[in-house]
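The structure file start-v5.txt is reproduced below (compact mmCIF, N, CA and C atoms).
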# COMPACT_ATOMS: atom_id res chain seq x y z
N MET D 772 44.16 -165.92 23.17
CA MET D 772 43.02 -166.68 23.63
C MET D 772 41.84 -166.42 22.69
N ASN D 773 41.34 -167.45 22.03
CA ASN D 773 40.23 -167.32 21.10
C ASN D 773 38.88 -167.51 21.76
N ASP D 774 38.84 -167.99 23.01
CA ASP D 774 37.58 -168.23 23.70
C ASP D 774 37.07 -166.94 24.33
N ILE D 775 35.76 -166.83 24.42
CA ILE D 775 35.14 -165.67 25.05
C ILE D 775 34.75 -166.05 26.46
N LEU D 776 35.24 -165.33 27.43
CA LEU D 776 34.98 -165.59 28.83
C LEU D 776 33.56 -165.16 29.17
N ILE D 777 32.75 -166.07 29.74
CA ILE D 777 31.39 -165.69 30.11
C ILE D 777 31.14 -165.83 31.61
N GLY D 778 32.07 -166.34 32.34
CA GLY D 778 31.89 -166.45 33.78
C GLY D 778 33.13 -167.04 34.42
N GLN D 779 33.41 -166.61 35.63
CA GLN D 779 34.59 -167.10 36.32
C GLN D 779 34.33 -167.00 37.81
N SER D 780 34.83 -167.96 38.58
CA SER D 780 34.67 -167.90 40.02
C SER D 780 35.66 -166.88 40.58
N LEU D 781 35.50 -166.54 41.86
CA LEU D 781 36.41 -165.58 42.48
C LEU D 781 37.80 -166.18 42.67
N ASP D 782 37.87 -167.48 42.71
CA ASP D 782 39.15 -168.16 42.84
C ASP D 782 39.84 -168.18 41.48
N PRO D 783 41.03 -167.56 41.34
CA PRO D 783 41.70 -167.53 40.03
C PRO D 783 41.99 -168.90 39.45
N SER D 784 42.12 -169.91 40.30
CA SER D 784 42.37 -171.25 39.78
C SER D 784 41.07 -172.03 39.61
N GLY D 785 39.92 -171.37 39.88
CA GLY D 785 38.62 -172.02 39.81
C GLY D 785 38.13 -172.22 38.39
N PRO D 786 36.92 -172.73 38.26
CA PRO D 786 36.38 -173.03 36.93
C PRO D 786 36.09 -171.76 36.13
N VAL D 787 36.27 -171.89 34.84
CA VAL D 787 36.00 -170.79 33.91
C VAL D 787 35.06 -171.32 32.84
N SER D 788 34.04 -170.54 32.51
CA SER D 788 33.12 -170.92 31.44
C SER D 788 33.45 -170.11 30.20
N VAL D 789 33.48 -170.77 29.07
CA VAL D 789 33.74 -170.08 27.82
C VAL D 789 32.68 -170.49 26.81
N LEU D 790 32.44 -169.62 25.85
CA LEU D 790 31.52 -169.95 24.77
C LEU D 790 32.11 -171.04 23.91
N PRO D 791 31.27 -171.90 23.37
CA PRO D 791 31.79 -172.98 22.54
C PRO D 791 32.43 -172.45 21.27
N GLY D 792 33.44 -173.17 20.79
CA GLY D 792 34.18 -172.72 19.62
C GLY D 792 33.73 -173.32 18.31
N THR D 793 33.26 -174.56 18.32
CA THR D 793 32.89 -175.21 17.06
C THR D 793 31.42 -175.00 16.73
N ALA D 794 31.09 -175.18 15.46
CA ALA D 794 29.71 -175.01 15.02
C ALA D 794 28.80 -176.05 15.69
N GLU D 795 29.29 -177.26 15.89
CA GLU D 795 28.49 -178.30 16.55
C GLU D 795 28.17 -177.92 17.99
N GLU D 796 29.17 -177.38 18.70
CA GLU D 796 28.94 -176.96 20.08
C GLU D 796 27.96 -175.79 20.15
N LYS D 797 28.05 -174.88 19.19
CA LYS D 797 27.12 -173.75 19.15
C LYS D 797 25.71 -174.22 18.85
N ALA D 798 25.56 -175.21 17.97
CA ALA D 798 24.24 -175.72 17.61
C ALA D 798 23.54 -176.35 18.81
N ARG D 799 24.31 -176.92 19.73
CA ARG D 799 23.72 -177.51 20.92
C ARG D 799 23.16 -176.46 21.87
N GLN D 800 23.54 -175.20 21.70
CA GLN D 800 23.03 -174.15 22.57
C GLN D 800 21.67 -173.64 22.14
N VAL D 801 21.20 -174.02 20.96
CA VAL D 801 19.88 -173.60 20.50
C VAL D 801 18.85 -174.36 21.34
N PRO D 802 17.94 -173.64 22.02
CA PRO D 802 17.01 -174.31 22.92
C PRO D 802 15.95 -175.13 22.20
N ASP D 803 15.44 -176.13 22.90
CA ASP D 803 14.30 -176.89 22.42
C ASP D 803 13.06 -176.22 22.97
N PRO D 804 12.11 -175.85 22.10
CA PRO D 804 10.91 -175.20 22.60
C PRO D 804 10.07 -176.15 23.45
N ALA D 805 9.48 -175.61 24.49
CA ALA D 805 8.64 -176.40 25.38
C ALA D 805 7.18 -176.26 24.96
N THR D 806 6.38 -177.19 25.34
CA THR D 806 4.93 -177.22 25.15
C THR D 806 4.52 -176.82 23.73
N TYR D 807 3.74 -175.75 23.62
CA TYR D 807 3.15 -175.36 22.33
C TYR D 807 3.92 -174.23 21.63
N HIS D 808 5.20 -174.10 21.89
CA HIS D 808 6.00 -173.03 21.30
C HIS D 808 6.78 -173.51 20.08
N LEU D 809 7.03 -172.56 19.17
CA LEU D 809 7.87 -172.80 18.00
C LEU D 809 9.12 -171.96 18.14
N LEU D 810 10.27 -172.52 17.81
CA LEU D 810 11.51 -171.76 17.77
C LEU D 810 11.72 -171.34 16.33
N CYS D 811 11.83 -170.03 16.12
CA CYS D 811 11.99 -169.48 14.78
C CYS D 811 13.23 -168.58 14.73
N VAL D 812 13.77 -168.43 13.55
CA VAL D 812 14.90 -167.54 13.34
C VAL D 812 14.48 -166.48 12.34
N LEU D 813 15.05 -165.30 12.50
CA LEU D 813 14.77 -164.21 11.56
C LEU D 813 15.61 -164.40 10.31
N PRO D 814 15.03 -164.24 9.14
CA PRO D 814 15.83 -164.37 7.92
C PRO D 814 16.82 -163.22 7.79
N GLU D 815 17.88 -163.45 7.02
CA GLU D 815 18.88 -162.42 6.79
C GLU D 815 18.27 -161.24 6.04
N ILE D 816 18.66 -160.04 6.41
CA ILE D 816 18.18 -158.82 5.77
C ILE D 816 19.22 -158.38 4.73
N ASP D 817 18.74 -157.99 3.55
CA ASP D 817 19.64 -157.50 2.51
C ASP D 817 20.32 -156.21 2.96
N GLU D 818 21.59 -156.08 2.65
CA GLU D 818 22.35 -154.88 3.05
C GLU D 818 22.13 -153.72 2.09
N GLU D 819 21.52 -153.99 0.93
CA GLU D 819 21.29 -152.94 -0.07
C GLU D 819 19.84 -152.96 -0.50
N TYR D 820 19.36 -151.79 -0.91
CA TYR D 820 18.06 -151.70 -1.56
C TYR D 820 18.19 -152.27 -2.97
N GLU D 821 17.07 -152.51 -3.63
CA GLU D 821 17.11 -153.04 -5.00
C GLU D 821 17.86 -152.11 -5.93
N SER D 822 17.88 -150.82 -5.62
CA SER D 822 18.57 -149.84 -6.46
C SER D 822 20.09 -149.90 -6.32
N GLY D 823 20.56 -150.62 -5.28
CA GLY D 823 22.00 -150.71 -5.05
C GLY D 823 22.48 -149.81 -3.92
N LEU D 824 21.62 -148.94 -3.43
CA LEU D 824 21.96 -148.04 -2.33
C LEU D 824 22.12 -148.86 -1.04
N VAL D 825 23.19 -148.61 -0.30
CA VAL D 825 23.47 -149.35 0.92
C VAL D 825 22.58 -148.84 2.05
N LYS D 826 22.00 -149.77 2.82
CA LYS D 826 21.13 -149.41 3.94
C LYS D 826 21.96 -149.02 5.15
N ALA D 827 21.44 -148.09 5.94
CA ALA D 827 22.08 -147.71 7.20
C ALA D 827 21.93 -148.86 8.19
N GLY D 828 22.84 -148.94 9.15
CA GLY D 828 22.79 -149.99 10.16
C GLY D 828 21.50 -149.99 10.95
N GLN D 829 21.02 -148.80 11.30
CA GLN D 829 19.78 -148.70 12.06
C GLN D 829 18.58 -149.18 11.23
N THR D 830 18.59 -148.87 9.96
CA THR D 830 17.52 -149.33 9.06
C THR D 830 17.50 -150.85 9.00
N MET D 831 18.67 -151.46 8.88
CA MET D 831 18.75 -152.92 8.84
C MET D 831 18.27 -153.53 10.15
N HIS D 832 18.63 -152.88 11.27
CA HIS D 832 18.20 -153.37 12.57
C HIS D 832 16.68 -153.36 12.69
N TYR D 833 16.05 -152.25 12.31
CA TYR D 833 14.59 -152.15 12.38
C TYR D 833 13.92 -153.15 11.44
N GLU D 834 14.46 -153.32 10.24
CA GLU D 834 13.89 -154.28 9.31
C GLU D 834 13.97 -155.69 9.87
N GLU D 835 15.05 -155.98 10.58
CA GLU D 835 15.23 -157.31 11.15
C GLU D 835 14.26 -157.54 12.31
N ILE D 836 14.23 -156.66 13.29
CA ILE D 836 13.41 -156.93 14.47
C ILE D 836 11.91 -156.78 14.20
N LEU D 837 11.54 -156.00 13.20
CA LEU D 837 10.12 -155.81 12.88
C LEU D 837 9.67 -156.67 11.70
N SER D 838 10.48 -157.63 11.32
CA SER D 838 10.15 -158.48 10.17
C SER D 838 8.89 -159.31 10.45
N PRO D 839 7.97 -159.36 9.49
CA PRO D 839 6.78 -160.20 9.67
C PRO D 839 7.03 -161.65 9.25
N VAL D 840 8.24 -161.96 8.78
CA VAL D 840 8.56 -163.31 8.29
C VAL D 840 9.57 -163.97 9.23
N LEU D 841 9.28 -165.21 9.61
CA LEU D 841 10.19 -166.00 10.43
C LEU D 841 10.36 -167.38 9.78
N PHE D 842 11.47 -168.03 10.09
CA PHE D 842 11.75 -169.38 9.59
C PHE D 842 11.63 -170.35 10.76
N VAL D 843 10.80 -171.36 10.64
CA VAL D 843 10.56 -172.32 11.73
C VAL D 843 11.73 -173.30 11.82
N VAL D 844 12.38 -173.32 12.98
CA VAL D 844 13.55 -174.18 13.21
C VAL D 844 13.17 -175.44 13.98
N LYS D 845 12.39 -175.26 15.05
CA LYS D 845 11.98 -176.39 15.89
C LYS D 845 10.56 -176.14 16.38
N MET D 846 9.86 -177.24 16.69
CA MET D 846 8.51 -177.15 17.25
C MET D 846 8.45 -177.92 18.55
N GLY D 847 7.74 -177.35 19.52
CA GLY D 847 7.54 -178.00 20.81
C GLY D 847 6.67 -179.24 20.67
N PRO D 848 6.69 -180.11 21.65
CA PRO D 848 5.96 -181.38 21.56
C PRO D 848 4.43 -181.23 21.51
N ASP D 849 3.91 -180.10 21.98
CA ASP D 849 2.45 -179.92 22.02
C ASP D 849 1.93 -178.98 20.94
N CYS D 850 2.76 -178.60 19.99
CA CYS D 850 2.31 -177.70 18.93
C CYS D 850 1.18 -178.33 18.13
N TYR D 851 0.13 -177.58 17.97
CA TYR D 851 -1.02 -177.96 17.13
C TYR D 851 -1.68 -179.28 17.55
N LYS D 852 -1.57 -179.67 18.81
CA LYS D 852 -2.19 -180.91 19.29
C LYS D 852 -3.66 -180.69 19.67
N ASP D 853 -4.04 -179.44 19.98
CA ASP D 853 -5.40 -179.14 20.40
C ASP D 853 -6.32 -179.11 19.17
N GLU D 854 -7.12 -180.15 19.01
CA GLU D 854 -7.98 -180.27 17.83
C GLU D 854 -9.12 -179.25 17.82
N LYS D 855 -9.48 -178.74 19.00
CA LYS D 855 -10.53 -177.72 19.05
C LYS D 855 -10.01 -176.38 18.51
N ARG D 856 -8.77 -176.05 18.81
CA ARG D 856 -8.18 -174.79 18.34
C ARG D 856 -7.67 -174.91 16.91
N PHE D 857 -7.28 -176.10 16.50
CA PHE D 857 -6.70 -176.31 15.17
C PHE D 857 -7.42 -177.46 14.47
N PRO D 858 -8.70 -177.27 14.11
CA PRO D 858 -9.46 -178.38 13.50
C PRO D 858 -8.91 -178.81 12.13
N SER D 859 -8.20 -177.92 11.45
CA SER D 859 -7.63 -178.25 10.14
C SER D 859 -6.24 -178.84 10.24
N GLY D 860 -5.72 -178.97 11.46
CA GLY D 860 -4.38 -179.50 11.65
C GLY D 860 -3.35 -178.39 11.77
N PRO D 861 -2.06 -178.74 11.72
CA PRO D 861 -0.99 -177.76 11.90
C PRO D 861 -0.99 -176.67 10.82
N SER D 862 -0.65 -175.46 11.24
CA SER D 862 -0.55 -174.33 10.30
C SER D 862 0.77 -174.34 9.55
N CYS D 863 1.79 -174.97 10.15
CA CYS D 863 3.12 -174.96 9.53
C CYS D 863 3.91 -176.17 10.01
N LYS D 864 5.11 -176.30 9.46
CA LYS D 864 6.01 -177.38 9.87
C LYS D 864 7.43 -176.82 9.91
N VAL D 865 8.35 -177.59 10.44
CA VAL D 865 9.75 -177.18 10.48
C VAL D 865 10.23 -176.97 9.05
N GLY D 866 10.90 -175.84 8.81
CA GLY D 866 11.39 -175.53 7.48
C GLY D 866 10.52 -174.55 6.71
N ASP D 867 9.37 -174.17 7.28
CA ASP D 867 8.48 -173.22 6.62
C ASP D 867 8.84 -171.78 6.98
N PHE D 868 8.57 -170.88 6.05
CA PHE D 868 8.60 -169.45 6.34
C PHE D 868 7.18 -169.07 6.73
N VAL D 869 7.02 -168.43 7.88
CA VAL D 869 5.69 -168.09 8.37
C VAL D 869 5.55 -166.58 8.53
N LEU D 870 4.30 -166.12 8.43
CA LEU D 870 3.97 -164.72 8.65
C LEU D 870 3.42 -164.58 10.06
N VAL D 871 3.97 -163.60 10.78
CA VAL D 871 3.53 -163.29 12.14
C VAL D 871 3.45 -161.78 12.30
N ARG D 872 2.87 -161.34 13.38
CA ARG D 872 2.85 -159.90 13.66
C ARG D 872 4.25 -159.47 14.10
N PRO D 873 4.65 -158.25 13.74
CA PRO D 873 5.96 -157.76 14.19
C PRO D 873 6.07 -157.79 15.72
N ASN D 874 7.24 -158.09 16.22
CA ASN D 874 7.54 -158.18 17.66
C ASN D 874 6.85 -159.36 18.33
N THR D 875 6.37 -160.33 17.58
CA THR D 875 5.74 -161.50 18.16
C THR D 875 6.78 -162.37 18.86
N GLY D 876 6.43 -162.86 20.03
CA GLY D 876 7.26 -163.85 20.71
C GLY D 876 8.33 -163.30 21.61
N THR D 877 9.07 -164.23 22.17
CA THR D 877 10.19 -163.92 23.06
C THR D 877 11.45 -163.86 22.23
N ARG D 878 12.11 -162.69 22.25
CA ARG D 878 13.33 -162.51 21.45
C ARG D 878 14.55 -162.98 22.24
N ILE D 879 15.38 -163.79 21.59
CA ILE D 879 16.66 -164.20 22.19
C ILE D 879 17.73 -164.14 21.11
N LYS D 880 18.95 -163.85 21.53
CA LYS D 880 20.08 -163.85 20.60
C LYS D 880 21.05 -164.93 21.03
N ILE D 881 21.46 -165.73 20.07
CA ILE D 881 22.44 -166.79 20.31
C ILE D 881 23.55 -166.61 19.30
N HIS D 882 24.74 -166.29 19.79
CA HIS D 882 25.91 -166.07 18.95
C HIS D 882 25.63 -165.05 17.84
N GLY D 883 24.93 -163.97 18.19
CA GLY D 883 24.69 -162.88 17.25
C GLY D 883 23.50 -163.07 16.34
N LYS D 884 22.83 -164.20 16.39
CA LYS D 884 21.67 -164.47 15.54
C LYS D 884 20.41 -164.41 16.39
N GLU D 885 19.40 -163.66 15.90
CA GLU D 885 18.18 -163.51 16.67
C GLU D 885 17.20 -164.64 16.38
N PHE D 886 16.67 -165.21 17.48
CA PHE D 886 15.65 -166.25 17.43
C PHE D 886 14.42 -165.73 18.15
N ARG D 887 13.28 -166.34 17.86
CA ARG D 887 12.04 -166.01 18.56
C ARG D 887 11.34 -167.30 18.97
N LEU D 888 10.83 -167.30 20.19
CA LEU D 888 9.95 -168.37 20.64
C LEU D 888 8.53 -167.81 20.54
N ILE D 889 7.72 -168.42 19.67
CA ILE D 889 6.36 -167.93 19.46
C ILE D 889 5.35 -169.02 19.79
N ASN D 890 4.12 -168.62 20.06
CA ASN D 890 3.04 -169.57 20.30
C ASN D 890 2.57 -170.16 18.97
N ASP D 891 2.06 -171.37 19.03
CA ASP D 891 1.60 -172.01 17.79
C ASP D 891 0.45 -171.25 17.14
N ASP D 892 -0.34 -170.51 17.93
CA ASP D 892 -1.45 -169.76 17.35
C ASP D 892 -1.05 -168.38 16.86
N SER D 893 0.24 -168.05 16.90
CA SER D 893 0.73 -166.76 16.39
C SER D 893 0.96 -166.79 14.88
N VAL D 894 1.00 -167.97 14.30
CA VAL D 894 1.26 -168.10 12.87
C VAL D 894 0.01 -167.68 12.11
N GLU D 895 0.17 -166.69 11.22
CA GLU D 895 -0.97 -166.18 10.46
C GLU D 895 -0.96 -166.64 9.01
N GLY D 896 0.16 -167.18 8.55
CA GLY D 896 0.24 -167.66 7.18
C GLY D 896 1.58 -168.29 6.91
N VAL D 897 1.66 -169.03 5.81
CA VAL D 897 2.91 -169.66 5.37
C VAL D 897 3.20 -169.14 3.97
N VAL D 898 4.46 -168.80 3.72
CA VAL D 898 4.86 -168.30 2.40
C VAL D 898 5.96 -169.20 1.83
N GLN D 899 5.96 -169.36 0.52
CA GLN D 899 6.97 -170.17 -0.14
C GLN D 899 8.29 -169.42 -0.27
N ASP D 900 8.20 -168.15 -0.65
CA ASP D 900 9.39 -167.33 -0.89
C ASP D 900 9.24 -166.00 -0.16
N PRO D 901 10.00 -165.80 0.92
CA PRO D 901 9.82 -164.58 1.72
C PRO D 901 10.48 -163.33 1.13
N ARG D 902 11.24 -163.48 0.06
CA ARG D 902 11.90 -162.31 -0.52
C ARG D 902 10.85 -161.32 -1.00
N GLY D 903 11.05 -160.09 -0.68
CA GLY D 903 10.13 -159.05 -1.11
C GLY D 903 9.01 -158.78 -0.12
N ILE D 904 8.86 -159.63 0.90
CA ILE D 904 7.82 -159.38 1.89
C ILE D 904 8.39 -158.49 2.98
N THR D 905 7.77 -157.34 3.16
CA THR D 905 8.19 -156.41 4.20
C THR D 905 6.97 -155.94 4.97
N ARG D 906 7.22 -155.26 6.03
CA ARG D 906 6.16 -154.68 6.83
C ARG D 906 5.57 -153.50 6.09
N ALA D 907 4.26 -153.36 6.11
CA ALA D 907 3.59 -152.25 5.40
C ALA D 907 3.67 -150.97 6.21

Structure encoded using structure tokens:
Amino acid sequence: MNDILIGQSLDPSGPVSVLPGTAEEKARQVPDPATYHLLCVLPEIDEEYESGLVKAGQTMHYEEILSPVLFVVKMGPDCYKDEKRFPSGPSCKVGDFVLVRPNTGTRIKIHGKEFRLINDDSVEGVVQDPRGITRA
């Protein structure tokens, strides 16, 4: 059985829920942000330092969850609509790498990949190339 069981009724012949198997089915599980929220994903963390030394698993975990860089995947319908709060217009768009404070937003994991739902006013900057940007 290649499916992962995520729920089953007490009746053995009852309905069983399994995680989707195809990439298309998994993509449908990514939530649409509501109101003024942005859905972002954490970029992949390098497994080695520039010197070639392999990073410990715990080090990679901390670098990932405390990363100040996120990639914008989706934007809610009300993002940057408030002209009083955003007189210059939107700070970012889908496809941008943005700078945020570490631990910003609601953390969720979908199929092993961490996503964050952040407020539109949490974006502090946009970067073209996030490589080399780390927490100070």

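Among the candidate residues D:Glu835, D:Asp849, D:Glu796, D:Asp892, the one lying nearest to D:Glu815 is D:Glu835, with distances computed using all atoms listed in the file.
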
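Taking atom CA of D:Leu809 and atom N of D:Thr830 as endpoints, the distance between them is 27.4 Å.
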
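Atom CA of D:Leu810 lies 16.5 Å from atom CA of D:Lys852.
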
| request: Could you tell me how far atom C of D:Leu888 lies from atom C of D:Glu834, in Å and to one decimal? | output: 17.0 Å

Counting all atoms listed in the file, find residues at most 6 Å from (12.7, -171.5, 14.2) (file frame) and give them as a PDB file with N, CA and C atoms, keeping the file's coordinate frame.
ATOM      1  N   LEU D 809       7.030-172.560  19.170  1.00  0.00           N
ATOM      2  CA  LEU D 809       7.870-172.800  18.000  1.00  0.00           C
ATOM      3  C   LEU D 809       9.120-171.960  18.140  1.00  0.00           C
ATOM      4  N   LEU D 810      10.270-172.520  17.810  1.00  0.00           N
ATOM      5  CA  LEU D 810      11.510-171.760  17.770  1.00  0.00           C
ATOM      6  C   LEU D 810      11.720-171.340  16.330  1.00  0.00           C
ATOM      7  N   CYS D 811      11.830-170.030  16.120  1.00  0.00           N
ATOM      8  CA  CYS D 811      11.990-169.480  14.780  1.00  0.00           C
ATOM      9  C   CYS D 811      13.230-168.580  14.730  1.00  0.00           C
ATOM     10  N   VAL D 812      13.770-168.430  13.550  1.00  0.00           N
ATOM     11  CA  VAL D 812      14.900-167.540  13.340  1.00  0.00           C
ATOM     12  C   VAL D 812      14.480-166.480  12.340  1.00  0.00           C
ATOM     13  N   PHE D 842      11.470-168.030  10.090  1.00  0.00           N
ATOM     14  CA  PHE D 842      11.750-169.380   9.590  1.00  0.00           C
ATOM     15  C   PHE D 842      11.630-170.350  10.760  1.00  0.00           C
ATOM     16  N   VAL D 843      10.800-171.360  10.640  1.00  0.00           N
ATOM     17  CA  VAL D 843      10.560-172.320  11.730  1.00  0.00           C
ATOM     18  C   VAL D 843      11.730-173.300  11.820  1.00  0.00           C
ATOM     19  N   VAL D 844      12.380-173.320  12.980  1.00  0.00           N
ATOM     20  CA  VAL D 844      13.550-174.180  13.210  1.00  0.00           C
ATOM     21  C   VAL D 844      13.170-175.440  13.980  1.00  0.00           C
ATOM     22  N   LYS D 845      12.390-175.260  15.050  1.00  0.00           N
ATOM     23  CA  LYS D 845      11.980-176.390  15.890  1.00  0.00           C
ATOM     24  C   LYS D 845      10.560-176.140  16.380  1.00  0.00           C
TER      25      LYS D 845
END

Quick one: residues within 8 Å of (11.5, -167.4, 3.4) (file frame), counting only N, CA and C atoms, please, as a compact mmCIF listing (two decimals) with N, CA and C atoms, keeping the file's coordinate frame.
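File part.txt, as written:
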# COMPACT_ATOMS: atom_id res chain seq x y z
N PRO D 814 15.03 -164.24 9.14
CA PRO D 814 15.83 -164.37 7.92
C PRO D 814 16.82 -163.22 7.79
N VAL D 840 8.24 -161.96 8.78
CA VAL D 840 8.56 -163.31 8.29
C VAL D 840 9.57 -163.97 9.23
N LEU D 841 9.28 -165.21 9.61
CA LEU D 841 10.19 -166.00 10.43
C LEU D 841 10.36 -167.38 9.78
N PHE D 842 11.47 -168.03 10.09
CA PHE D 842 11.75 -169.38 9.59
C PHE D 842 11.63 -170.35 10.76
N GLY D 866 10.90 -175.84 8.81
CA GLY D 866 11.39 -175.53 7.48
C GLY D 866 10.52 -174.55 6.71
N ASP D 867 9.37 -174.17 7.28
CA ASP D 867 8.48 -173.22 6.62
C ASP D 867 8.84 -171.78 6.98
N PHE D 868 8.57 -170.88 6.05
CA PHE D 868 8.60 -169.45 6.34
C PHE D 868 7.18 -169.07 6.73
N VAL D 869 7.02 -168.43 7.88
CA VAL D 869 5.69 -168.09 8.37
C VAL D 869 5.55 -166.58 8.53
N VAL D 898 4.46 -168.80 3.72
CA VAL D 898 4.86 -168.30 2.40
C VAL D 898 5.96 -169.20 1.83
N GLN D 899 5.96 -169.36 0.52
CA GLN D 899 6.97 -170.17 -0.14
C GLN D 899 8.29 -169.42 -0.27
N ASP D 900 8.20 -168.15 -0.65
CA ASP D 900 9.39 -167.33 -0.89
C ASP D 900 9.24 -166.00 -0.16
N PRO D 901 10.00 -165.80 0.92
CA PRO D 901 9.82 -164.58 1.72
C PRO D 901 10.48 -163.33 1.13
N ARG D 902 11.24 -163.48 0.06
CA ARG D 902 11.90 -162.31 -0.52
C ARG D 902 10.85 -161.32 -1.00

| request: Return as a count of residues only the full set of residues in chain D whose backbone-based DSSP assignment is strand (DSSP E or B). | output: 39

| Residue list (helix (DSSP H, G or I), DSSP) for chain D, as a PyMOL selection string | chain D and resi 794-798+828-836+891-893

| request: Write out as a PyMOL selection string the residues lying within 7 Å of D:His808, counting all atoms listed in the file and excluding same-chain residues fewer than 5 positions away. | output: chain D and resi 845-850+888-891

Near stretch 874-878 of chain D, counting only C-alpha atoms, which residues have an atom at most 9 Å away, once you skip same-chain residues fewer than 6 positions from it, shown as a tab-separated table (two decimals) with N, CA and C atoms, in the frame of the given file?
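New file part-v8.tsv:
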chain	number	residue	atom	x	y	z
D	836	ILE	N	14.23	-156.66	13.29
D	836	ILE	CA	13.41	-156.93	14.47
D	836	ILE	C	11.91	-156.78	14.20
D	837	LEU	N	11.54	-156.00	13.20
D	837	LEU	CA	10.12	-155.81	12.88
D	837	LEU	C	9.67	-156.67	11.70
D	838	SER	N	10.48	-157.63	11.32
D	838	SER	CA	10.15	-158.48	10.17
D	838	SER	C	8.89	-159.31	10.45
D	839	PRO	N	7.97	-159.36	9.49
D	839	PRO	CA	6.78	-160.20	9.67
D	839	PRO	C	7.03	-161.65	9.25
D	885	GLU	N	19.40	-163.66	15.90
D	885	GLU	CA	18.18	-163.51	16.67
D	885	GLU	C	17.20	-164.64	16.38
D	886	PHE	N	16.67	-165.21	17.48
D	886	PHE	CA	15.65	-166.25	17.43
D	886	PHE	C	14.42	-165.73	18.15
D	887	ARG	N	13.28	-166.34	17.86
D	887	ARG	CA	12.04	-166.01	18.56
D	887	ARG	C	11.34	-167.30	18.97
D	888	LEU	N	10.83	-167.30	20.19
D	888	LEU	CA	9.95	-168.37	20.64
D	888	LEU	C	8.53	-167.81	20.54
D	889	ILE	N	7.72	-168.42	19.67
D	889	ILE	CA	6.36	-167.93	19.46
D	889	ILE	C	5.35	-169.02	19.79
D	890	ASN	N	4.12	-168.62	20.06
D	890	ASN	CA	3.04	-169.57	20.30
D	890	ASN	C	2.57	-170.16	18.97
D	893	SER	N	0.24	-168.05	16.90
D	893	SER	CA	0.73	-166.76	16.39
D	893	SER	C	0.96	-166.79	14.88

| field | Counting only N, CA and C atoms, the residue of D:Val897, D:Thr806, D:Val801, D:Lys826 that sits nearest D:Tyr851 | value | D:Thr806
